[in-house]
Structure formats: structure tokens, C-alpha cells
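Visitor: Below is upload.txt; it holds compact mmCIF, C-alpha atoms.
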```txt
# COMPACT_ATOMS: atom_id res chain seq x y z
CA MET A 2 102.71 85.11 145.81
CA SER A 3 101.27 87.15 142.93
CA GLU A 4 97.54 86.73 142.44
CA LEU A 5 98.32 85.76 138.83
CA SER A 6 100.05 82.58 139.99
CA ASN A 7 97.49 81.68 142.66
CA PRO A 8 95.12 78.97 141.31
CA LYS A 9 92.07 80.35 143.15
CA ASN A 10 92.72 83.88 141.90
CA VAL A 11 93.25 82.62 138.37
CA GLN A 12 89.91 80.84 138.46
CA LYS A 13 88.32 84.10 139.72
CA ILE A 14 89.92 86.16 136.95
CA ILE A 15 88.61 83.72 134.35
CA LYS A 16 85.12 83.81 135.88
CA ASP A 17 85.01 87.59 136.38
CA HIS A 18 85.94 88.21 132.75
CA GLN A 19 83.66 85.44 131.51
CA PHE A 20 86.64 84.06 129.66
CA SER A 21 86.39 80.64 128.04
CA VAL A 22 89.63 78.72 127.47
CA ARG A 23 89.93 78.03 123.77
CA LYS A 24 91.50 74.76 122.66
CA LYS A 25 92.44 76.18 119.26
CA TYR A 26 95.00 78.40 121.01
CA GLY A 27 96.31 75.60 123.27
CA GLN A 28 95.65 77.64 126.41
CA ASN A 29 97.02 76.10 129.62
CA PHE A 30 97.88 78.73 132.23
CA LEU A 31 100.87 78.05 134.49
CA VAL A 32 99.91 78.66 138.13
CA ASP A 33 103.00 77.63 140.08
CA ALA A 34 104.98 80.61 141.40
CA ASN A 35 108.09 78.51 142.01
CA ILE A 36 108.17 77.26 138.42
CA LEU A 37 107.54 80.77 137.09
CA GLY A 38 110.46 82.10 139.09
CA ALA A 39 112.67 79.21 137.98
CA ILE A 40 111.91 79.94 134.31
CA VAL A 41 112.93 83.59 134.68
CA GLU A 42 116.09 82.54 136.52
CA ALA A 43 116.89 79.92 133.86
CA ALA A 44 116.48 82.56 131.14
CA ASP A 45 118.98 84.74 133.04
CA ILE A 46 116.82 87.86 132.75
CA GLN A 47 118.63 91.02 133.82
CA LYS A 48 117.44 94.59 134.40
CA ASP A 49 118.70 95.88 131.05
CA ASP A 50 117.41 92.95 128.96
CA LEU A 51 114.89 93.08 126.15
CA VAL A 52 112.50 90.14 126.54
CA LEU A 53 110.13 88.73 123.93
CA GLU A 54 107.31 86.67 125.43
CA ILE A 55 105.13 84.56 123.15
CA GLY A 56 101.61 83.84 124.41
CA PRO A 57 101.45 85.67 127.76
CA GLY A 58 98.00 84.25 128.56
CA LEU A 59 96.74 85.88 131.77
CA GLY A 60 100.13 87.45 132.48
CA ALA A 61 101.61 85.33 135.29
CA LEU A 62 104.97 84.77 133.59
CA THR A 63 104.81 88.27 132.10
CA GLU A 64 104.64 89.79 135.57
CA HIS A 65 107.76 87.89 136.69
CA LEU A 66 109.57 89.03 133.52
CA LEU A 67 108.51 92.65 134.00
CA GLN A 68 109.87 92.60 137.53
CA ALA A 69 113.19 91.10 136.41
CA GLY A 70 113.84 92.63 132.98
CA GLY A 71 114.17 95.98 131.28
CA LYS A 72 111.44 95.84 128.65
CA VAL A 73 109.04 93.01 127.82
CA ILE A 74 107.36 92.65 124.42
CA ALA A 75 104.40 90.29 124.90
CA VAL A 76 102.75 88.95 121.74
CA GLU A 77 99.30 87.41 122.31
CA VAL A 78 97.20 85.97 119.49
CA ASP A 79 93.88 85.80 121.38
CA PRO A 80 92.13 89.22 121.29
CA MET A 81 89.94 88.18 124.25
CA LEU A 82 93.01 88.13 126.49
CA ILE A 83 94.24 91.63 125.65
CA PRO A 84 91.89 93.56 128.01
CA ILE A 85 92.58 91.00 130.76
CA LEU A 86 96.33 91.46 130.33
CA GLN A 87 95.96 95.23 130.31
CA GLU A 88 94.07 95.08 133.61
CA ASN A 89 96.33 92.49 135.26
CA LEU A 90 99.53 94.32 134.30
CA LYS A 91 98.38 97.95 134.46
CA GLY A 92 101.01 98.91 137.02
CA TYR A 93 103.97 98.28 134.71
CA ASP A 94 105.38 100.84 132.29
CA ASN A 95 107.98 98.51 130.72
CA LEU A 96 105.43 96.38 128.83
CA VAL A 97 104.76 96.44 125.09
CA LEU A 98 101.61 94.39 124.46
CA ILE A 99 100.84 93.26 120.90
CA ASN A 100 97.77 91.37 119.68
CA ASP A 101 99.08 89.30 116.76
CA ASP A 102 100.13 85.86 115.55
CA ILE A 103 103.84 85.44 116.32
CA LEU A 104 104.31 83.64 112.99
CA LYS A 105 103.11 86.76 111.16
CA VAL A 106 105.15 89.32 113.08
CA ASP A 107 108.29 90.85 111.54
CA LEU A 108 110.47 90.05 114.53
CA ASP A 109 113.60 91.72 113.18
CA ALA A 110 111.76 95.02 112.77
CA LEU A 111 110.01 94.69 116.14
CA ILE A 112 113.19 93.89 118.07
CA GLU A 113 115.10 96.66 116.31
CA LYS A 114 112.33 99.17 117.09
CA GLU A 115 111.98 98.26 120.77
CA GLY A 116 115.49 97.08 121.56
CA GLY A 117 117.72 100.00 120.78
CA GLY A 118 120.37 97.70 119.30
CA ARG A 119 119.91 94.94 121.87
CA LYS A 120 119.20 91.35 121.01
CA ALA A 121 116.14 89.80 122.63
CA LYS A 122 115.79 86.89 125.03
CA VAL A 123 112.72 84.84 124.15
CA VAL A 124 110.75 83.36 127.06
CA ALA A 125 107.45 81.54 126.64
CA ASN A 126 105.03 78.90 127.79
CA LEU A 127 104.41 77.73 124.23
CA PRO A 128 101.13 76.13 123.16
CA TYR A 129 101.97 72.56 122.24
CA TYR A 130 100.32 72.65 118.82
CA ILE A 131 102.56 75.46 117.60
CA THR A 132 105.86 74.68 119.35
CA THR A 133 107.78 73.32 116.37
CA PRO A 134 106.72 76.04 113.87
CA VAL A 135 107.57 78.79 116.37
CA VAL A 136 110.98 77.37 117.33
CA MET A 137 111.89 76.76 113.69
CA GLU A 138 110.76 80.29 112.78
CA LEU A 139 112.89 81.81 115.55
CA LEU A 140 115.95 79.79 114.56
CA GLU A 141 115.73 79.82 110.77
CA LYS A 142 114.84 83.48 110.31
CA GLN A 143 117.99 84.45 112.23
CA THR A 144 116.26 87.29 114.02
CA ARG A 145 118.05 89.33 116.68
CA ILE A 146 117.68 86.66 119.33
CA GLU A 147 120.22 85.77 122.01
CA SER A 148 118.46 82.86 123.69
CA ILE A 149 115.16 80.97 123.74
CA THR A 150 113.84 79.61 127.05
CA VAL A 151 110.53 77.87 126.56
CA MET A 152 108.10 75.51 128.26
CA VAL A 153 107.10 72.80 125.80
CA GLN A 154 105.75 69.28 125.78
CA LYS A 155 108.35 67.04 127.43
CA GLU A 156 108.65 64.80 124.37
CA VAL A 157 109.37 67.81 122.15
CA ALA A 158 112.09 69.04 124.52
CA GLN A 159 113.68 65.59 124.37
CA ARG A 160 113.41 65.59 120.57
CA MET A 161 115.39 68.83 120.44
CA GLN A 162 118.36 67.04 122.02
CA GLU A 163 118.15 63.66 120.27
CA GLY A 164 120.90 62.16 118.14
CA PRO A 165 120.92 59.76 115.16
CA GLY A 166 119.13 56.43 115.54
CA SER A 167 116.46 57.59 117.99
CA LYS A 168 112.78 57.34 117.05
CA SER A 169 112.28 60.99 117.95
CA TYR A 170 115.36 62.21 116.04
CA GLY A 171 114.29 64.40 113.16
CA ALA A 172 114.35 67.75 111.39
CA LEU A 173 113.76 69.66 114.66
CA SER A 174 116.68 67.88 116.35
CA LEU A 175 118.99 68.83 113.49
CA ALA A 176 117.80 72.44 113.29
CA VAL A 177 118.35 72.95 117.01
CA LYS A 178 121.82 71.37 116.83
CA TYR A 179 122.78 73.61 113.91
CA TYR A 180 121.51 76.91 115.30
CA ALA A 181 121.81 76.62 119.09
CA LYS A 182 123.19 74.88 122.15
CA ALA A 183 120.27 73.11 123.87
CA GLU A 184 119.83 72.23 127.54
CA MET A 185 116.69 70.76 129.10
CA LEU A 186 116.44 72.40 132.52
CA MET A 187 113.42 70.96 134.33
CA THR A 188 110.26 68.93 133.94
CA VAL A 189 106.90 70.36 134.99
CA SER A 190 103.89 68.38 136.15
CA LYS A 191 100.57 68.84 134.37
CA HIS A 192 99.10 69.67 137.80
CA CYS A 193 100.83 73.08 137.63
CA PHE A 194 98.40 74.32 134.96
CA ILE A 195 94.81 75.51 134.62
CA PRO A 196 93.34 73.70 132.77
CA GLN A 197 95.60 70.67 133.04
CA PRO A 198 97.16 69.46 129.78
CA ASP A 199 97.19 65.77 128.95
CA VAL A 200 101.00 65.50 129.01
CA GLU A 201 104.00 66.46 131.09
CA SER A 202 105.98 69.57 130.18
CA ALA A 203 109.62 70.60 130.25
CA VAL A 204 111.61 73.82 130.14
CA ILE A 205 114.44 73.93 127.61
CA ARG A 206 116.92 76.70 126.93
CA LEU A 207 118.48 77.28 123.52
CA ASP A 208 121.52 79.56 123.41
CA VAL A 209 121.60 80.76 119.81
CA TYR A 210 124.97 80.59 118.06
CA ASP A 211 126.47 83.46 116.14
CA GLU A 212 126.99 82.33 112.57
CA SER A 213 130.72 81.82 113.15
CA GLU A 214 130.04 79.55 116.15
CA ARG A 215 127.84 76.98 114.44
CA PRO A 216 129.13 73.41 114.81
CA VAL A 217 128.83 72.71 111.08
CA LYS A 218 129.93 74.95 108.23
CA THR A 219 128.02 74.80 104.94
CA ASP A 220 127.62 76.93 101.84
CA TYR A 221 124.25 75.25 101.22
CA GLU A 222 122.21 75.96 104.35
CA GLU A 223 118.84 76.32 102.62
CA GLU A 224 119.43 73.27 100.42
CA MET A 225 120.61 71.21 103.40
CA PHE A 226 117.40 71.83 105.34
CA ARG A 227 115.25 71.06 102.28
CA LEU A 228 117.09 67.77 102.08
CA ILE A 229 116.69 67.11 105.82
CA ARG A 230 112.96 67.80 105.72
CA ALA A 231 112.54 65.50 102.73
CA ALA A 232 114.50 62.75 104.49
CA PHE A 233 112.23 62.82 107.54
CA ASN A 234 108.95 63.38 105.71
CA GLN A 235 109.31 59.75 104.62
CA ARG A 236 111.58 58.52 107.40
CA ARG A 237 110.77 54.82 106.97
CA LYS A 238 112.03 54.86 103.38
CA THR A 239 115.66 54.65 102.37
CA LEU A 240 117.29 58.03 101.90
CA ILE A 241 117.55 57.43 98.16
CA ASN A 242 113.80 56.86 97.84
CA ALA A 243 112.83 59.67 100.24
CA LEU A 244 114.93 62.26 98.41
CA SER A 245 114.14 61.14 94.89
CA ASN A 246 110.40 61.22 95.66
CA ALA A 247 110.49 64.71 97.23
CA GLN A 248 108.62 67.27 95.12
CA ASN A 249 110.91 70.15 96.03
CA LEU A 250 114.12 68.28 95.15
CA SER A 251 115.39 67.33 91.70
CA TYR A 252 118.00 64.68 92.52
CA THR A 253 117.88 61.43 90.57
CA LYS A 254 118.33 58.09 92.35
CA GLU A 255 121.63 57.58 90.58
CA ARG A 256 122.91 60.99 91.69
CA ILE A 257 121.91 60.34 95.32
CA GLN A 258 123.46 56.87 95.25
CA ASN A 259 126.76 58.25 93.92
CA ALA A 260 126.75 61.01 96.55
CA LEU A 261 126.16 58.54 99.39
CA THR A 262 129.01 56.38 98.11
CA GLU A 263 131.27 59.42 97.93
CA ILE A 264 130.71 60.27 101.61
CA GLY A 265 131.19 56.64 102.60
CA LYS A 266 127.59 55.67 103.35
CA ASP A 267 125.66 52.55 102.38
CA ILE A 268 123.08 53.18 99.67
CA SER A 269 120.37 51.51 101.79
CA ILE A 270 120.79 53.99 104.66
CA ARG A 271 117.86 55.97 106.05
CA GLY A 272 117.93 59.65 106.95
CA GLU A 273 117.56 58.92 110.66
CA ALA A 274 121.06 57.39 110.66
CA LEU A 275 122.87 60.50 109.42
CA THR A 276 124.43 63.15 111.65
CA LEU A 277 124.18 66.87 110.96
CA GLU A 278 127.74 66.83 109.64
CA GLU A 279 126.88 64.01 107.23
CA PHE A 280 123.78 65.82 105.96
CA ALA A 281 126.01 68.84 105.27
CA GLN A 282 128.52 66.65 103.43
CA LEU A 283 125.80 64.95 101.38
CA THR A 284 124.24 68.28 100.42
CA ALA A 285 127.60 69.66 99.32
CA VAL A 286 128.28 66.66 97.08
CA LEU A 287 124.78 66.76 95.56
CA GLU A 288 124.94 70.50 94.90
CA LYS A 289 128.40 70.35 93.37
```
Will you turn the file into C-alpha cells for me?
Guide:
Amino acid sequence: MSELSNPKNVQKIIKDHQFSVRKKYGQNFLVDANILGAIVEAADIQKDDLVLEIGPGLGALTEHLLQAGGKVIAVEVDPMLIPILQENLKGYDNLVLINDDILKVDLDALIEKEGGGRKAKVVANLPYYITTPVVMELLEKQTRIESITVMVQKEVAQRMQEGPGSKSYGALSLAVKYYAKAEMLMTVSKHCFIPQPDVESAVIRLDVYDESERPVKTDYEEEMFRLIRAAFNQRRKTLINALSNAQNLSYTKERIQNALTEIGKDISIRGEALTLEEFAQLTAVLEK
């Protein structure tokens, strides 16, 4: 077992560096070697792969990735962790360590620079507070990404796979369905972390579609997702009211009502009842 996945050693590293876990970064360090190995296996990391890790923390998952993959780009937002990572991972020459906010990084440029034409496989133990923005950023920006294997809050992993009618069905569910094939691989107890989070976690893998492989074809991708976000921002309202009240949309109630009728839907329907295909159809009618 690596010392980076041994709970006692992790506590010692934290103490020796006088490091204080900061809630604002959602820091919960995974300290189960079996789970770490299972994540790398689930991500199918090979010796010639380019790996992008978001939030390496103390480097436990990073070390497993470095041993399995070709090159690992690790992006860590907390500057206090950079010297700790440099010390913990000093024996590896296939690491590119970056101190930055992943939401501010030009991922296309970074992957092109470090990848030599390769797409990247994203692997991460994502802080819960930033999971949805990060996943949406990775999917919507259409960066050079082959797959995304991430540890997230269990409820969020379930939301990524939900269908119409569920309470947790929403904009994230639809974005994942449009851009990737999702598979929840395992659940992880909160006892596998230091410090322990308040909730259970899960590992989910998203295999990103090429544009030609997407399950729904639309000429109005940007408009469709504006419409989807508006529908779920006021999910308890009828779709007509939610869309007509949205500040970034300019559809009148009459126009929305006519569009719903044209695609065969009741005018009292809510957004949570529509499939991805139906949102695409509705957007096309409204835009035309």
C-alpha cells in the first residue's frame, strides 16, 4: 500500500505540513487503496494515455494514475497543496502539476500542448460543491476529452442517469444524455475519506460521444440548452410559464402553446415530463 492511501500516513502528512483542510475547496481525501485502484481500472488508463486529474489533493489518486498512464496533468486550485504534491510525487517524471481553477483553464489549449494529438481521459475525486459546473464545462465546451471518470456525491451520480418524471431529473441529466453514455460503477462509503463527508459517494464514468454519435440531432444546440435550463429553473411551473418568464428567452406564451401543440404535448405540461428528444423538437419548432 502506498503511504498516500494509508490513513495514518495521511494524517501524518497533514500534521507535518501543518495543513488545514479548507471547506471552501470541499477537501475530502480518499484513503482506500482498493477504491483508488478500482477507479483507475474503471477509467481504463493505459500506458500511452493522457490523463487530466482535477483536484489531486495530497496525490493518492495521482500516484495510481502516474503508475498506470503515460502523462498526468493534475490541476489543483489550492496553492497550499502544491508543495505537498511536489514532495509526495517527486519520483515521477510524467507529471504536469498546475495550480489553477479548472473552470478558468483553457483545456483545449492545455490538452493540445501536452497531448501531442491525443484526447484526454479525465479522472477526479470532485469536490461536491463544484461537481455540476465542472461536468457541464467538460461536456459543453467540447474539449478534447475521451471519457470522464469521477467520484461524486451519490445523488448527483444518480441524477446524471435519471429519466423524465423523476424528482432528480433535470438539466444535468439531459446534458449528460446528450453528450455522453453514462454508467454508475460503484458506491463509496464516507468512511473511506479523511475527513469524512456527510454523504455517500459514487464513481460514474461518462464516455463522451463524437458529434456524429449523439443520440439526438439538433441545429439549435445552444438554444435547446437555454430552454432546458429555463424549464428547470422553475420546475414546479408549467413549461409555458417557466419559458415565458425566463429573462434570456423571448418566446411569448402563445408561441410556446402553439409549439407544444405542434409536437403533440398538453399545454399544461411541465419541463420534467419531456425527454431530450422532445426538448429538441420543441426548440426546433420555436426557433423556426
Visitor: Just give me the gap between CA of Ile241 (chain A) and CA of Lys254 (chain A) in Å, one decimal is fine.
Guide: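 If I compute the distance from CA of Ile241 (chain A) to CA of Lys254 (chain A), I get 5.9 Å.
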Visitor: Counting only C-alpha atoms, figure out which residue out of A:Ile264, A:Leu98, A:Leu175, A:Ile205 gets nearest to Thr188 (chain A).
Guide: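 Nearest candidate to Thr188 (chain A) out of A:Ile264, A:Leu98, A:Leu175, A:Ile205: A:Ile205.
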Visitor: What's around region 120-123 of chain A at 8 Å? Count all atoms listed in the file, leave out sequence neighbours fewer than 5 positions away in its own chain, and write the answer as a PyMOL selection string.
Guide: chain A and resi 44+46+50-55+112+145-151
Visitor: Name the closest residue to Asn35 (chain A) among the candidates A:Ile83, A:Val200, A:Val286, A:Ala61; distances are taken between atoms, counting all atoms listed in the file.
Guide: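 Of all the options, A:Ala61 lies closest to Asn35 (chain A).
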Visitor: Any idea what the distance is between CA of Val76 (chain A) and CA of Ile99 (chain A)?
Guide: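 Result for CA of Val76 (chain A) versus CA of Ile99 (chain A): 4.8 Å, one decimal.
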Visitor: Using all atoms listed in the file, can you tell me which of A:Glu88, A:Glu184, A:Glu279, A:Glu263 comes closest to Met225 (chain A)?
Guide: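 With all atoms listed in the file as the atom set, the closest residue is A:Glu279.
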Visitor: Could you tell me how far CA of Lys48 (chain A) sits from CA of Asn7 (chain A), in Å to one decimal place?
Guide: 25.2 Å
Visitor: Counting all atoms listed in the file, which residue out of A:Gly70, A:Gly56, A:Pro216, A:Gly116 sits closest to Val135 (chain A)?
Guide: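 Closest residue, counting all atoms listed in the file: A:Gly56.
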Visitor: With distances taken over all atoms listed in the file, which residue among A:Leu277, A:Thr219, A:Thr133, A:Val32 lies nearest Lys191 (chain A)?
Guide: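 With all atoms listed in the file as the atom set, the closest residue is A:Val32.
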Visitor: Could you pull out every residue with an atom within 7 Å of (96.1, 82.6, 123.8), file coordinates, counting all atoms listed in the file, and send them as a count of residues only?
Guide: 8
Visitor: Any chance you could work out the axis-aligned box around region 246-252 of chain A, listed atoms only, 3 Å on each side, giving centre and edge lengths in Å to one decimal, as JSON?
Guide:
```
{"center_x": 113.3, "center_y": 65.7, "center_z": 94.5, "size_x": 15.4, "size_y": 14.9, "size_z": 11.5}
```
Visitor: Would you mind telling me which residue in A:Asp220, A:Glu255, A:Asp199, A:Glu42 lies nearest to Lys289 (chain A) when using only C-alpha atoms?
Guide: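 Looking only at the distances to Lys289 (chain A), the closest residue turns out to be A:Asp220.
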Visitor: Counting only C-alpha atoms, what is within 12 Å of Thr276 (chain A), bar same-chain residues fewer than 6 positions away, as an mmCIF file with C-alpha atoms, keeping the file's coordinate frame?
Guide:
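Contents of around-v5.cif, as written:
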```cif
data_model
loop_
_atom_site.group_PDB
_atom_site.id
_atom_site.type_symbol
_atom_site.label_atom_id
_atom_site.label_comp_id
_atom_site.auth_asym_id
_atom_site.auth_seq_id
_atom_site.Cartn_x
_atom_site.Cartn_y
_atom_site.Cartn_z
ATOM 1 C CA GLU A 163 118.150 63.660 120.270
ATOM 2 C CA GLY A 164 120.900 62.160 118.140
ATOM 3 C CA PRO A 165 120.920 59.760 115.160
ATOM 4 C CA GLY A 166 119.130 56.430 115.540
ATOM 5 C CA SER A 167 116.460 57.590 117.990
ATOM 6 C CA TYR A 170 115.360 62.210 116.040
ATOM 7 C CA GLY A 171 114.290 64.400 113.160
ATOM 8 C CA ALA A 172 114.350 67.750 111.390
ATOM 9 C CA SER A 174 116.680 67.880 116.350
ATOM 10 C CA LEU A 175 118.990 68.830 113.490
ATOM 11 C CA ALA A 176 117.800 72.440 113.290
ATOM 12 C CA LYS A 178 121.820 71.370 116.830
ATOM 13 C CA TYR A 179 122.780 73.610 113.910
ATOM 14 C CA PRO A 216 129.130 73.410 114.810
ATOM 15 C CA VAL A 217 128.830 72.710 111.080
ATOM 16 C CA ILE A 229 116.690 67.110 105.820
ATOM 17 C CA LYS A 266 127.590 55.670 103.350
ATOM 18 C CA GLN A 282 128.520 66.650 103.430
ATOM 19 C CA LEU A 283 125.800 64.950 101.380
#
```
Visitor: Find the residues near Glu138 (chain A): any atom within 10 Å, counting all atoms listed in the file, skip ones fewer than 5 places away on the same chain, and give them as an mmCIF file with C-alpha atoms, in the frame of the given file.
Guide:
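Output file part-v8.cif is given in full below:
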```
data_model
loop_
_atom_site.group_PDB
_atom_site.id
_atom_site.type_symbol
_atom_site.label_atom_id
_atom_site.label_comp_id
_atom_site.auth_asym_id
_atom_site.auth_seq_id
_atom_site.Cartn_x
_atom_site.Cartn_y
_atom_site.Cartn_z
ATOM 1 C CA ILE A 103 103.840 85.440 116.320
ATOM 2 C CA LEU A 104 104.310 83.640 112.990
ATOM 3 C CA LEU A 108 110.470 90.050 114.530
ATOM 4 C CA THR A 132 105.860 74.680 119.350
ATOM 5 C CA THR A 133 107.780 73.320 116.370
ATOM 6 C CA GLN A 143 117.990 84.450 112.230
ATOM 7 C CA THR A 144 116.260 87.290 114.020
#
```
Visitor: Hey, can you pull every residue with an atom no more than 8 Å from (113.6, 61.6, 122.1), using only C-alpha atoms, and send it as a PDB file with C-alpha atoms, in the frame of the given file?
Guide:
```pdb
ATOM      1  CA  GLU A 156     108.650  64.800 124.370  1.00  0.00           C
ATOM      2  CA  VAL A 157     109.370  67.810 122.150  1.00  0.00           C
ATOM      3  CA  ALA A 158     112.090  69.040 124.520  1.00  0.00           C
ATOM      4  CA  GLN A 159     113.680  65.590 124.370  1.00  0.00           C
ATOM      5  CA  ARG A 160     113.410  65.590 120.570  1.00  0.00           C
ATOM      6  CA  MET A 161     115.390  68.830 120.440  1.00  0.00           C
ATOM      7  CA  GLN A 162     118.360  67.040 122.020  1.00  0.00           C
ATOM      8  CA  GLU A 163     118.150  63.660 120.270  1.00  0.00           C
ATOM      9  CA  SER A 167     116.460  57.590 117.990  1.00  0.00           C
ATOM     10  CA  LYS A 168     112.780  57.340 117.050  1.00  0.00           C
ATOM     11  CA  SER A 169     112.280  60.990 117.950  1.00  0.00           C
ATOM     12  CA  TYR A 170     115.360  62.210 116.040  1.00  0.00           C
TER      13      TYR A 170
END
```
Visitor: So that I can check the surroundings of Leu37 (chain A), please list as a PyMOL selection string every protein, DNA and RNA residue that reaches within 12 Å of it, counting only C-alpha atoms and ignoring chain neighbours fewer than 3 positions away.
Guide: chain A and resi 2-3+5-7+30-34+40-44+60-66+69+124-126+150-152+187+189+193-194+204
